[in-house]
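Q: Here it is, the structure, as structure tokens.
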Amino acid sequence: YGLGLEIKIIIWLRDQSPNNDLTVLCALQLSRNMGAEINLCRVIDTNEEKKATVKNLVSFIEDARLPANTKVRVYSGAFMEHFIESSADLNIIGMPLNRKVVRDMIAVSPSSILFVSSSGFENALL
């Protein structure tokens, strides 16, 4: 896939990740330039967490003043399974600590990936 075909950016957020703010800020700027829809995605362990996770992500959209058409997607199970099945122009994700995970993600991704590593000074809520 190339940028601009799906007109969609997926942000993969991990709970309490120090990279979440930077991923959102990158997606926001890129979506403005591309006219793309933003999808906030999180993979959880069990479906019992789904309702609370959706509520937290919807609240985050409001707090970060993301576009009104931002969508929330919460999946349960294995991250890589959902990552492989995703369809977007760009996946933005916090940089995994394990280099093998990075290589595996690049090898199986159906689209472009932007890995970000935050300095800790970014804040999507300001």
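Labeling convention for the structure tokens: chains A, B, ... as they appear, residues from 1 per chain, ligands from 1 in order of appearance.
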Could you give me, as a list in words, the residues within 9 Å of Thr53 (chain A), counting only C-alpha atoms and dropping anything in the same chain fewer than 3 positions from it?
A: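 My list of contacting residues is Arg42, Ile44, Glu49, Lys50, Asn56, Leu57, Val58 and Val74 of chain A.
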Q: Store the residues of this selection in a file with all heavy atoms, as a short mmCIF file (atom, residue, chain, number, x, y, z; two decimals), in the first residue's frame.
A:
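See result24.cif below for the written result:
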data_model
loop_
_atom_site.label_atom_id
_atom_site.label_comp_id
_atom_site.auth_asym_id
_atom_site.auth_seq_id
_atom_site.Cartn_x
_atom_site.Cartn_y
_atom_site.Cartn_z
N ARG A 42 -6.34 -0.22 20.38
CA ARG A 42 -5.66 -0.83 21.53
C ARG A 42 -6.05 -2.30 21.56
O ARG A 42 -7.19 -2.67 21.32
CB ARG A 42 -6.06 -0.16 22.83
CG ARG A 42 -5.32 -0.80 24.02
CD ARG A 42 -5.52 -0.05 25.32
NE ARG A 42 -4.82 1.22 25.25
CZ ARG A 42 -5.12 2.27 26.01
NH1 ARG A 42 -6.10 2.21 26.89
NH2 ARG A 42 -4.43 3.39 25.92
N ILE A 44 -6.30 -5.52 23.99
CA ILE A 44 -6.40 -5.85 25.41
C ILE A 44 -6.37 -7.37 25.57
O ILE A 44 -6.52 -8.11 24.59
CB ILE A 44 -7.69 -5.27 26.02
CG1 ILE A 44 -8.93 -5.72 25.23
CG2 ILE A 44 -7.61 -3.75 26.07
CD1 ILE A 44 -10.25 -5.27 25.80
N GLU A 49 -12.37 -6.22 29.63
CA GLU A 49 -11.77 -4.88 29.72
C GLU A 49 -12.28 -3.94 28.63
O GLU A 49 -11.99 -2.76 28.66
CB GLU A 49 -10.25 -4.98 29.56
CG GLU A 49 -9.56 -5.92 30.51
CD GLU A 49 -8.11 -6.15 30.08
OE1 GLU A 49 -7.37 -5.16 29.93
OE2 GLU A 49 -7.74 -7.32 29.88
N LYS A 50 -13.04 -4.46 27.69
CA LYS A 50 -13.38 -3.70 26.48
C LYS A 50 -14.18 -2.43 26.78
O LYS A 50 -13.84 -1.35 26.29
CB LYS A 50 -14.13 -4.57 25.48
CG LYS A 50 -14.30 -3.91 24.15
CD LYS A 50 -14.80 -4.87 23.10
CE LYS A 50 -14.82 -4.18 21.75
NZ LYS A 50 -15.10 -5.09 20.67
N ASN A 56 -12.25 4.96 28.03
CA ASN A 56 -11.00 5.71 28.22
C ASN A 56 -10.51 6.33 26.91
O ASN A 56 -10.05 7.47 26.89
CB ASN A 56 -9.91 4.82 28.81
CG ASN A 56 -10.15 4.49 30.25
OD1 ASN A 56 -10.88 5.18 30.95
ND2 ASN A 56 -9.56 3.39 30.71
N LEU A 57 -10.61 5.59 25.82
CA LEU A 57 -10.15 6.11 24.54
C LEU A 57 -11.06 7.24 24.02
O LEU A 57 -10.57 8.22 23.47
CB LEU A 57 -10.05 4.99 23.51
CG LEU A 57 -8.92 3.99 23.75
CD1 LEU A 57 -8.99 2.84 22.73
CD2 LEU A 57 -7.56 4.66 23.70
N VAL A 58 -12.35 7.11 24.22
CA VAL A 58 -13.28 8.17 23.82
C VAL A 58 -12.99 9.43 24.64
O VAL A 58 -12.97 10.55 24.09
CB VAL A 58 -14.75 7.72 23.97
CG1 VAL A 58 -15.71 8.89 23.85
CG2 VAL A 58 -15.07 6.64 22.94
N VAL A 74 -11.08 -1.43 19.65
CA VAL A 74 -10.49 -2.20 20.76
C VAL A 74 -10.61 -3.67 20.40
O VAL A 74 -11.69 -4.16 20.09
CB VAL A 74 -11.19 -1.90 22.11
CG1 VAL A 74 -10.60 -2.77 23.21
CG2 VAL A 74 -11.07 -0.42 22.45
#
Q: Write out as a list in words the residues lying within 12 Å of Glu81 (chain A), counting only C-alpha atoms and excluding same-chain residues fewer than 5 positions away.
A: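 Result of the neighbour search: Val43, Tyr75, Ser76, Ser86, Asp104, Met105, Val108, Ser109 and Pro110 of chain A.
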Q: Neighbouring residues of Ile93 (chain A) were defined as those with any atom within 9 Å, considering only C-alpha atoms; residues of the same chain fewer than 5 positions away were excluded. Please report them as a tab-separated table (two decimals) with N, CA, C and O atoms, in the first residue's frame.
A:
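In the end it all went to result01.tsv:
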chain	number	residue	atom	x	y	z
A	10	ILE	N	-3.74	4.61	11.50
A	10	ILE	CA	-4.03	3.86	12.72
A	10	ILE	C	-2.96	4.17	13.76
A	10	ILE	O	-1.77	4.06	13.48
A	11	ILE	N	-3.41	4.56	14.94
A	11	ILE	CA	-2.51	4.76	16.07
A	11	ILE	C	-2.71	3.57	16.99
A	11	ILE	O	-3.82	3.33	17.47
A	12	TRP	N	-1.64	2.82	17.23
A	12	TRP	CA	-1.70	1.68	18.15
A	12	TRP	C	-1.22	2.18	19.51
A	12	TRP	O	-0.05	2.50	19.69
A	13	LEU	N	-2.14	2.30	20.46
A	13	LEU	CA	-1.83	2.81	21.79
A	13	LEU	C	-1.71	1.66	22.79
A	13	LEU	O	-2.57	0.79	22.82
A	14	ARG	N	-0.66	1.71	23.57
A	14	ARG	CA	-0.53	0.77	24.68
A	14	ARG	C	-0.89	1.51	25.96
A	14	ARG	O	-0.62	2.70	26.10
A	19	ASN	N	5.07	6.71	24.94
A	19	ASN	CA	5.06	7.16	23.55
A	19	ASN	C	3.68	7.57	23.03
A	19	ASN	O	3.56	8.05	21.91
A	20	ASN	N	2.63	7.39	23.82
A	20	ASN	CA	1.28	7.66	23.36
A	20	ASN	C	1.07	9.10	22.89
A	20	ASN	O	0.46	9.34	21.85
A	23	THR	N	2.77	9.67	19.50
A	23	THR	CA	2.07	8.99	18.40
A	23	THR	C	0.83	9.79	17.98
A	23	THR	O	0.56	9.95	16.80
A	113	ILE	N	4.76	1.84	8.38
A	113	ILE	CA	4.79	1.96	9.84
A	113	ILE	C	5.69	3.12	10.21
A	113	ILE	O	6.79	3.27	9.66
A	114	LEU	N	5.23	3.91	11.16
A	114	LEU	CA	6.06	4.95	11.77
A	114	LEU	C	6.24	4.56	13.23
A	114	LEU	O	5.26	4.51	13.98
A	115	PHE	N	7.47	4.23	13.61
A	115	PHE	CA	7.78	3.94	15.00
A	115	PHE	C	8.24	5.23	15.65
A	115	PHE	O	9.06	5.96	15.09
A	116	VAL	N	7.70	5.54	16.84
A	116	VAL	CA	8.09	6.75	17.54
A	116	VAL	C	8.61	6.41	18.93
A	116	VAL	O	8.18	5.45	19.55
A	117	SER	N	9.57	7.21	19.37
A	117	SER	CA	10.12	7.07	20.71
A	117	SER	C	10.15	8.45	21.32
A	117	SER	O	10.87	9.33	20.85
Q: Write out as a PDB file with N, CA, C and O atoms, in the first residue's frame all residues of chain A that DSSP puts in alpha helix (DSSP H) for this structure's backbone.
A:
ATOM      1  N   ASN A  20       2.634   7.393  23.824  1.00  0.00           N
ATOM      2  CA  ASN A  20       1.278   7.655  23.356  1.00  0.00           C
ATOM      3  C   ASN A  20       1.072   9.096  22.893  1.00  0.00           C
ATOM      4  O   ASN A  20       0.464   9.336  21.852  1.00  0.00           O
ATOM      5  N   ASP A  21       1.564  10.059  23.643  1.00  0.00           N
ATOM      6  CA  ASP A  21       1.361  11.457  23.262  1.00  0.00           C
ATOM      7  C   ASP A  21       2.036  11.776  21.927  1.00  0.00           C
ATOM      8  O   ASP A  21       1.447  12.433  21.065  1.00  0.00           O
ATOM      9  N   LEU A  22       3.252  11.295  21.736  1.00  0.00           N
ATOM     10  CA  LEU A  22       3.959  11.557  20.486  1.00  0.00           C
ATOM     11  C   LEU A  22       3.273  10.871  19.308  1.00  0.00           C
ATOM     12  O   LEU A  22       3.177  11.451  18.221  1.00  0.00           O
ATOM     13  N   THR A  23       2.767   9.668  19.495  1.00  0.00           N
ATOM     14  CA  THR A  23       2.066   8.992  18.401  1.00  0.00           C
ATOM     15  C   THR A  23       0.834   9.789  17.983  1.00  0.00           C
ATOM     16  O   THR A  23       0.562   9.949  16.798  1.00  0.00           O
ATOM     17  N   VAL A  24       0.118  10.322  18.953  1.00  0.00           N
ATOM     18  CA  VAL A  24      -1.084  11.100  18.660  1.00  0.00           C
ATOM     19  C   VAL A  24      -0.728  12.412  17.967  1.00  0.00           C
ATOM     20  O   VAL A  24      -1.363  12.805  16.983  1.00  0.00           O
ATOM     21  N   LEU A  25       0.294  13.099  18.443  1.00  0.00           N
ATOM     22  CA  LEU A  25       0.694  14.359  17.819  1.00  0.00           C
ATOM     23  C   LEU A  25       1.157  14.154  16.378  1.00  0.00           C
ATOM     24  O   LEU A  25       0.820  14.942  15.492  1.00  0.00           O
ATOM     25  N   CYS A  26       1.900  13.084  16.132  1.00  0.00           N
ATOM     26  CA  CYS A  26       2.327  12.759  14.757  1.00  0.00           C
ATOM     27  C   CYS A  26       1.117  12.470  13.877  1.00  0.00           C
ATOM     28  O   CYS A  26       1.011  12.973  12.758  1.00  0.00           O
ATOM     29  N   ALA A  27       0.218  11.658  14.377  1.00  0.00           N
ATOM     30  CA  ALA A  27      -0.973  11.304  13.601  1.00  0.00           C
ATOM     31  C   ALA A  27      -1.829  12.525  13.300  1.00  0.00           C
ATOM     32  O   ALA A  27      -2.353  12.669  12.190  1.00  0.00           O
ATOM     33  N   LEU A  28      -1.953  13.397  14.267  1.00  0.00           N
ATOM     34  CA  LEU A  28      -2.761  14.597  14.077  1.00  0.00           C
ATOM     35  C   LEU A  28      -2.197  15.461  12.954  1.00  0.00           C
ATOM     36  O   LEU A  28      -2.930  15.894  12.060  1.00  0.00           O
ATOM     37  N   GLN A  29      -0.901  15.690  12.968  1.00  0.00           N
ATOM     38  CA  GLN A  29      -0.284  16.511  11.926  1.00  0.00           C
ATOM     39  C   GLN A  29      -0.368  15.837  10.558  1.00  0.00           C
ATOM     40  O   GLN A  29      -0.713  16.464   9.569  1.00  0.00           O
ATOM     41  N   LEU A  30      -0.064  14.549  10.514  1.00  0.00           N
ATOM     42  CA  LEU A  30      -0.122  13.829   9.242  1.00  0.00           C
ATOM     43  C   LEU A  30      -1.549  13.743   8.702  1.00  0.00           C
ATOM     44  O   LEU A  30      -1.770  13.859   7.490  1.00  0.00           O
ATOM     45  N   SER A  31      -2.517  13.556   9.585  1.00  0.00           N
ATOM     46  CA  SER A  31      -3.909  13.468   9.119  1.00  0.00           C
ATOM     47  C   SER A  31      -4.366  14.799   8.539  1.00  0.00           C
ATOM     48  O   SER A  31      -5.120  14.825   7.566  1.00  0.00           O
ATOM     49  N   ARG A  32      -3.902  15.879   9.106  1.00  0.00           N
ATOM     50  CA  ARG A  32      -4.251  17.201   8.558  1.00  0.00           C
ATOM     51  C   ARG A  32      -3.659  17.368   7.162  1.00  0.00           C
ATOM     52  O   ARG A  32      -4.313  17.891   6.265  1.00  0.00           O
ATOM     53  N   ASN A  33      -2.427  16.922   6.983  1.00  0.00           N
ATOM     54  CA  ASN A  33      -1.761  17.055   5.685  1.00  0.00           C
ATOM     55  C   ASN A  33      -2.362  16.123   4.636  1.00  0.00           C
ATOM     56  O   ASN A  33      -2.423  16.478   3.467  1.00  0.00           O
ATOM     57  N   MET A  34      -2.770  14.926   5.046  1.00  0.00           N
ATOM     58  CA  MET A  34      -3.294  13.921   4.118  1.00  0.00           C
ATOM     59  C   MET A  34      -4.810  13.962   3.991  1.00  0.00           C
ATOM     60  O   MET A  34      -5.366  13.346   3.084  1.00  0.00           O
ATOM     61  N   LYS A  50     -13.041  -4.463  27.688  1.00  0.00           N
ATOM     62  CA  LYS A  50     -13.382  -3.701  26.485  1.00  0.00           C
ATOM     63  C   LYS A  50     -14.182  -2.429  26.779  1.00  0.00           C
ATOM     64  O   LYS A  50     -13.843  -1.354  26.286  1.00  0.00           O
ATOM     65  N   LYS A  51     -15.226  -2.532  27.561  1.00  0.00           N
ATOM     66  CA  LYS A  51     -16.090  -1.369  27.822  1.00  0.00           C
ATOM     67  C   LYS A  51     -15.299  -0.229  28.462  1.00  0.00           C
ATOM     68  O   LYS A  51     -15.402   0.930  28.032  1.00  0.00           O
ATOM     69  N   ALA A  52     -14.504  -0.525  29.462  1.00  0.00           N
ATOM     70  CA  ALA A  52     -13.710   0.504  30.144  1.00  0.00           C
ATOM     71  C   ALA A  52     -12.649   1.082  29.210  1.00  0.00           C
ATOM     72  O   ALA A  52     -12.387   2.296  29.230  1.00  0.00           O
ATOM     73  N   THR A  53     -12.053   0.237  28.366  1.00  0.00           N
ATOM     74  CA  THR A  53     -11.024   0.702  27.439  1.00  0.00           C
ATOM     75  C   THR A  53     -11.617   1.636  26.396  1.00  0.00           C
ATOM     76  O   THR A  53     -11.040   2.685  26.095  1.00  0.00           O
ATOM     77  N   VAL A  54     -12.767   1.284  25.859  1.00  0.00           N
ATOM     78  CA  VAL A  54     -13.445   2.158  24.896  1.00  0.00           C
ATOM     79  C   VAL A  54     -13.762   3.501  25.546  1.00  0.00           C
ATOM     80  O   VAL A  54     -13.521   4.562  24.960  1.00  0.00           O
ATOM     81  N   LYS A  55     -14.274   3.463  26.753  1.00  0.00           N
ATOM     82  CA  LYS A  55     -14.612   4.700  27.473  1.00  0.00           C
ATOM     83  C   LYS A  55     -13.362   5.567  27.659  1.00  0.00           C
ATOM     84  O   LYS A  55     -13.412   6.786  27.447  1.00  0.00           O
ATOM     85  N   ASN A  56     -12.245   4.963  28.034  1.00  0.00           N
ATOM     86  CA  ASN A  56     -11.002   5.711  28.221  1.00  0.00           C
ATOM     87  C   ASN A  56     -10.514   6.331  26.914  1.00  0.00           C
ATOM     88  O   ASN A  56     -10.050   7.471  26.889  1.00  0.00           O
ATOM     89  N   LEU A  57     -10.607   5.590  25.824  1.00  0.00           N
ATOM     90  CA  LEU A  57     -10.152   6.113  24.536  1.00  0.00           C
ATOM     91  C   LEU A  57     -11.057   7.241  24.023  1.00  0.00           C
ATOM     92  O   LEU A  57     -10.568   8.223  23.473  1.00  0.00           O
ATOM     93  N   VAL A  58     -12.351   7.111  24.216  1.00  0.00           N
ATOM     94  CA  VAL A  58     -13.279   8.171  23.820  1.00  0.00           C
ATOM     95  C   VAL A  58     -12.991   9.434  24.636  1.00  0.00           C
ATOM     96  O   VAL A  58     -12.969  10.551  24.095  1.00  0.00           O
ATOM     97  N   SER A  59     -12.742   9.268  25.909  1.00  0.00           N
ATOM     98  CA  SER A  59     -12.381  10.398  26.764  1.00  0.00           C
ATOM     99  C   SER A  59     -11.069  11.029  26.302  1.00  0.00           C
ATOM    100  O   SER A  59     -10.929  12.261  26.274  1.00  0.00           O
ATOM    101  N   PHE A  60     -10.109  10.197  25.911  1.00  0.00           N
ATOM    102  CA  PHE A  60      -8.825  10.693  25.418  1.00  0.00           C
ATOM    103  C   PHE A  60      -9.016  11.508  24.139  1.00  0.00           C
ATOM    104  O   PHE A  60      -8.393  12.556  23.966  1.00  0.00           O
ATOM    105  N   ILE A  61      -9.899  11.058  23.248  1.00  0.00           N
ATOM    106  CA  ILE A  61     -10.184  11.807  22.019  1.00  0.00           C
ATOM    107  C   ILE A  61     -10.681  13.206  22.352  1.00  0.00           C
ATOM    108  O   ILE A  61     -10.240  14.194  21.760  1.00  0.00           O
ATOM    109  N   GLU A  62     -11.583  13.291  23.314  1.00  0.00           N
ATOM    110  CA  GLU A  62     -12.132  14.588  23.730  1.00  0.00           C
ATOM    111  C   GLU A  62     -11.060  15.446  24.398  1.00  0.00           C
ATOM    112  O   GLU A  62     -10.924  16.634  24.075  1.00  0.00           O
ATOM    113  N   ASP A  63     -10.304  14.866  25.315  1.00  0.00           N
ATOM    114  CA  ASP A  63      -9.273  15.609  26.035  1.00  0.00           C
ATOM    115  C   ASP A  63      -8.175  16.116  25.104  1.00  0.00           C
ATOM    116  O   ASP A  63      -7.652  17.223  25.289  1.00  0.00           O
ATOM    117  N   PHE A  79      -1.656  -9.130  19.768  1.00  0.00           N
ATOM    118  CA  PHE A  79      -1.447  -7.880  19.039  1.00  0.00           C
ATOM    119  C   PHE A  79      -1.114  -8.122  17.568  1.00  0.00           C
ATOM    120  O   PHE A  79      -1.703  -7.528  16.675  1.00  0.00           O
ATOM    121  N   MET A  80      -0.138  -8.993  17.299  1.00  0.00           N
ATOM    122  CA  MET A  80       0.326  -9.185  15.919  1.00  0.00           C
ATOM    123  C   MET A  80      -0.798  -9.662  15.003  1.00  0.00           C
ATOM    124  O   MET A  80      -0.841  -9.281  13.835  1.00  0.00           O
ATOM    125  N   GLU A  81      -1.690 -10.453  15.514  1.00  0.00           N
ATOM    126  CA  GLU A  81      -2.822 -10.932  14.719  1.00  0.00           C
ATOM    127  C   GLU A  81      -3.657  -9.759  14.215  1.00  0.00           C
ATOM    128  O   GLU A  81      -4.017  -9.683  13.039  1.00  0.00           O
ATOM    129  N   HIS A  82      -3.951  -8.824  15.097  1.00  0.00           N
ATOM    130  CA  HIS A  82      -4.768  -7.660  14.730  1.00  0.00           C
ATOM    131  C   HIS A  82      -3.967  -6.676  13.888  1.00  0.00           C
ATOM    132  O   HIS A  82      -4.504  -6.043  12.977  1.00  0.00           O
ATOM    133  N   PHE A  83      -2.691  -6.545  14.185  1.00  0.00           N
ATOM    134  CA  PHE A  83      -1.828  -5.652  13.425  1.00  0.00           C
ATOM    135  C   PHE A  83      -1.755  -6.086  11.956  1.00  0.00           C
ATOM    136  O   PHE A  83      -1.875  -5.268  11.046  1.00  0.00           O
ATOM    137  N   ILE A  84      -1.592  -7.370  11.727  1.00  0.00           N
ATOM    138  CA  ILE A  84      -1.493  -7.906  10.370  1.00  0.00           C
ATOM    139  C   ILE A  84      -2.787  -7.678   9.589  1.00  0.00           C
ATOM    140  O   ILE A  84      -2.763  -7.391   8.388  1.00  0.00           O
ATOM    141  N   GLU A  85      -3.917  -7.770  10.276  1.00  0.00           N
ATOM    142  CA  GLU A  85      -5.217  -7.624   9.619  1.00  0.00           C
ATOM    143  C   GLU A  85      -5.624  -6.171   9.399  1.00  0.00           C
ATOM    144  O   GLU A  85      -6.617  -5.909   8.708  1.00  0.00           O
ATOM    145  N   ARG A  99      14.217  -5.413  19.354  1.00  0.00           N
ATOM    146  CA  ARG A  99      14.459  -5.211  17.924  1.00  0.00           C
ATOM    147  C   ARG A  99      13.826  -6.299  17.065  1.00  0.00           C
ATOM    148  O   ARG A  99      13.429  -6.056  15.935  1.00  0.00           O
ATOM    149  N   LYS A 100      13.732  -7.499  17.599  1.00  0.00           N
ATOM    150  CA  LYS A 100      13.117  -8.586  16.844  1.00  0.00           C
ATOM    151  C   LYS A 100      11.645  -8.276  16.582  1.00  0.00           C
ATOM    152  O   LYS A 100      11.132  -8.546  15.494  1.00  0.00           O
ATOM    153  N   VAL A 101      10.974  -7.689  17.553  1.00  0.00           N
ATOM    154  CA  VAL A 101       9.566  -7.310  17.376  1.00  0.00           C
ATOM    155  C   VAL A 101       9.456  -6.281  16.249  1.00  0.00           C
ATOM    156  O   VAL A 101       8.560  -6.378  15.399  1.00  0.00           O
ATOM    157  N   VAL A 102      10.366  -5.330  16.212  1.00  0.00           N
ATOM    158  CA  VAL A 102      10.361  -4.318  15.155  1.00  0.00           C
ATOM    159  C   VAL A 102      10.524  -4.989  13.791  1.00  0.00           C
ATOM    160  O   VAL A 102       9.766  -4.717  12.852  1.00  0.00           O
ATOM    161  N   ARG A 103      11.503  -5.869  13.672  1.00  0.00           N
ATOM    162  CA  ARG A 103      11.738  -6.565  12.398  1.00  0.00           C
ATOM    163  C   ARG A 103      10.518  -7.406  11.997  1.00  0.00           C
ATOM    164  O   ARG A 103      10.131  -7.431  10.822  1.00  0.00           O
ATOM    165  N   ASP A 104       9.920  -8.087  12.966  1.00  0.00           N
ATOM    166  CA  ASP A 104       8.738  -8.899  12.675  1.00  0.00           C
ATOM    167  C   ASP A 104       7.577  -8.041  12.189  1.00  0.00           C
ATOM    168  O   ASP A 104       6.862  -8.415  11.253  1.00  0.00           O
ATOM    169  N   MET A 105       7.383  -6.898  12.811  1.00  0.00           N
ATOM    170  CA  MET A 105       6.295  -6.006  12.415  1.00  0.00           C
ATOM    171  C   MET A 105       6.511  -5.487  10.991  1.00  0.00           C
ATOM    172  O   MET A 105       5.579  -5.439  10.191  1.00  0.00           O
ATOM    173  N   ILE A 106       7.735  -5.117  10.697  1.00  0.00           N
ATOM    174  CA  ILE A 106       8.042  -4.629   9.345  1.00  0.00           C
ATOM    175  C   ILE A 106       7.806  -5.720   8.317  1.00  0.00           C
ATOM    176  O   ILE A 106       7.251  -5.475   7.239  1.00  0.00           O
ATOM    177  N   ALA A 107       8.188  -6.941   8.658  1.00  0.00           N
ATOM    178  CA  ALA A 107       8.060  -8.067   7.722  1.00  0.00           C
ATOM    179  C   ALA A 107       6.605  -8.405   7.396  1.00  0.00           C
ATOM    180  O   ALA A 107       6.308  -8.820   6.275  1.00  0.00           O
ATOM    181  N   VAL A 108       5.697  -8.232   8.346  1.00  0.00           N
ATOM    182  CA  VAL A 108       4.312  -8.659   8.138  1.00  0.00           C
ATOM    183  C   VAL A 108       3.324  -7.521   7.900  1.00  0.00           C
ATOM    184  O   VAL A 108       2.166  -7.779   7.577  1.00  0.00           O
TER     185      VAL A 108
END
Q: Determine the nearest neighbour of Pro18 (chain A) from the options A:Ser112, A:Asn69, A:Pro96, A:Ser87, counting only C-alpha atoms.
A: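 Counting only C-alpha atoms, the residue closest to Pro18 (chain A) is A:Pro96.
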Q: I need the strand (DSSP E or B) residues of chain A per DSSP on the backbone, written as a PyMOL selection string.
A: chain A and resi 8-12+37-44+71-76+90-94+112-116
Q: Smallest atom-to-atom distance to Glu37 (chain A): which of A:Ile9, A:Leu66, A:Val72, A:Met95, using only C-alpha atoms?
A: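 Looking only at the distances to Glu37 (chain A), the closest residue turns out to be A:Ile9.
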Q: Work out how far CA of Asn91 (chain A) is from CA of Leu40 (chain A), in Å to one decimal.
A: 10.2 Å
Q: Measuring between only C-alpha atoms, which one of A:Leu97, A:Ala36, A:Cys41, A:Ala64 shows the shortest distance to Asp15 (chain A)?
A: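 Using only C-alpha atoms, the shortest distance to Asp15 (chain A) belongs to A:Cys41.
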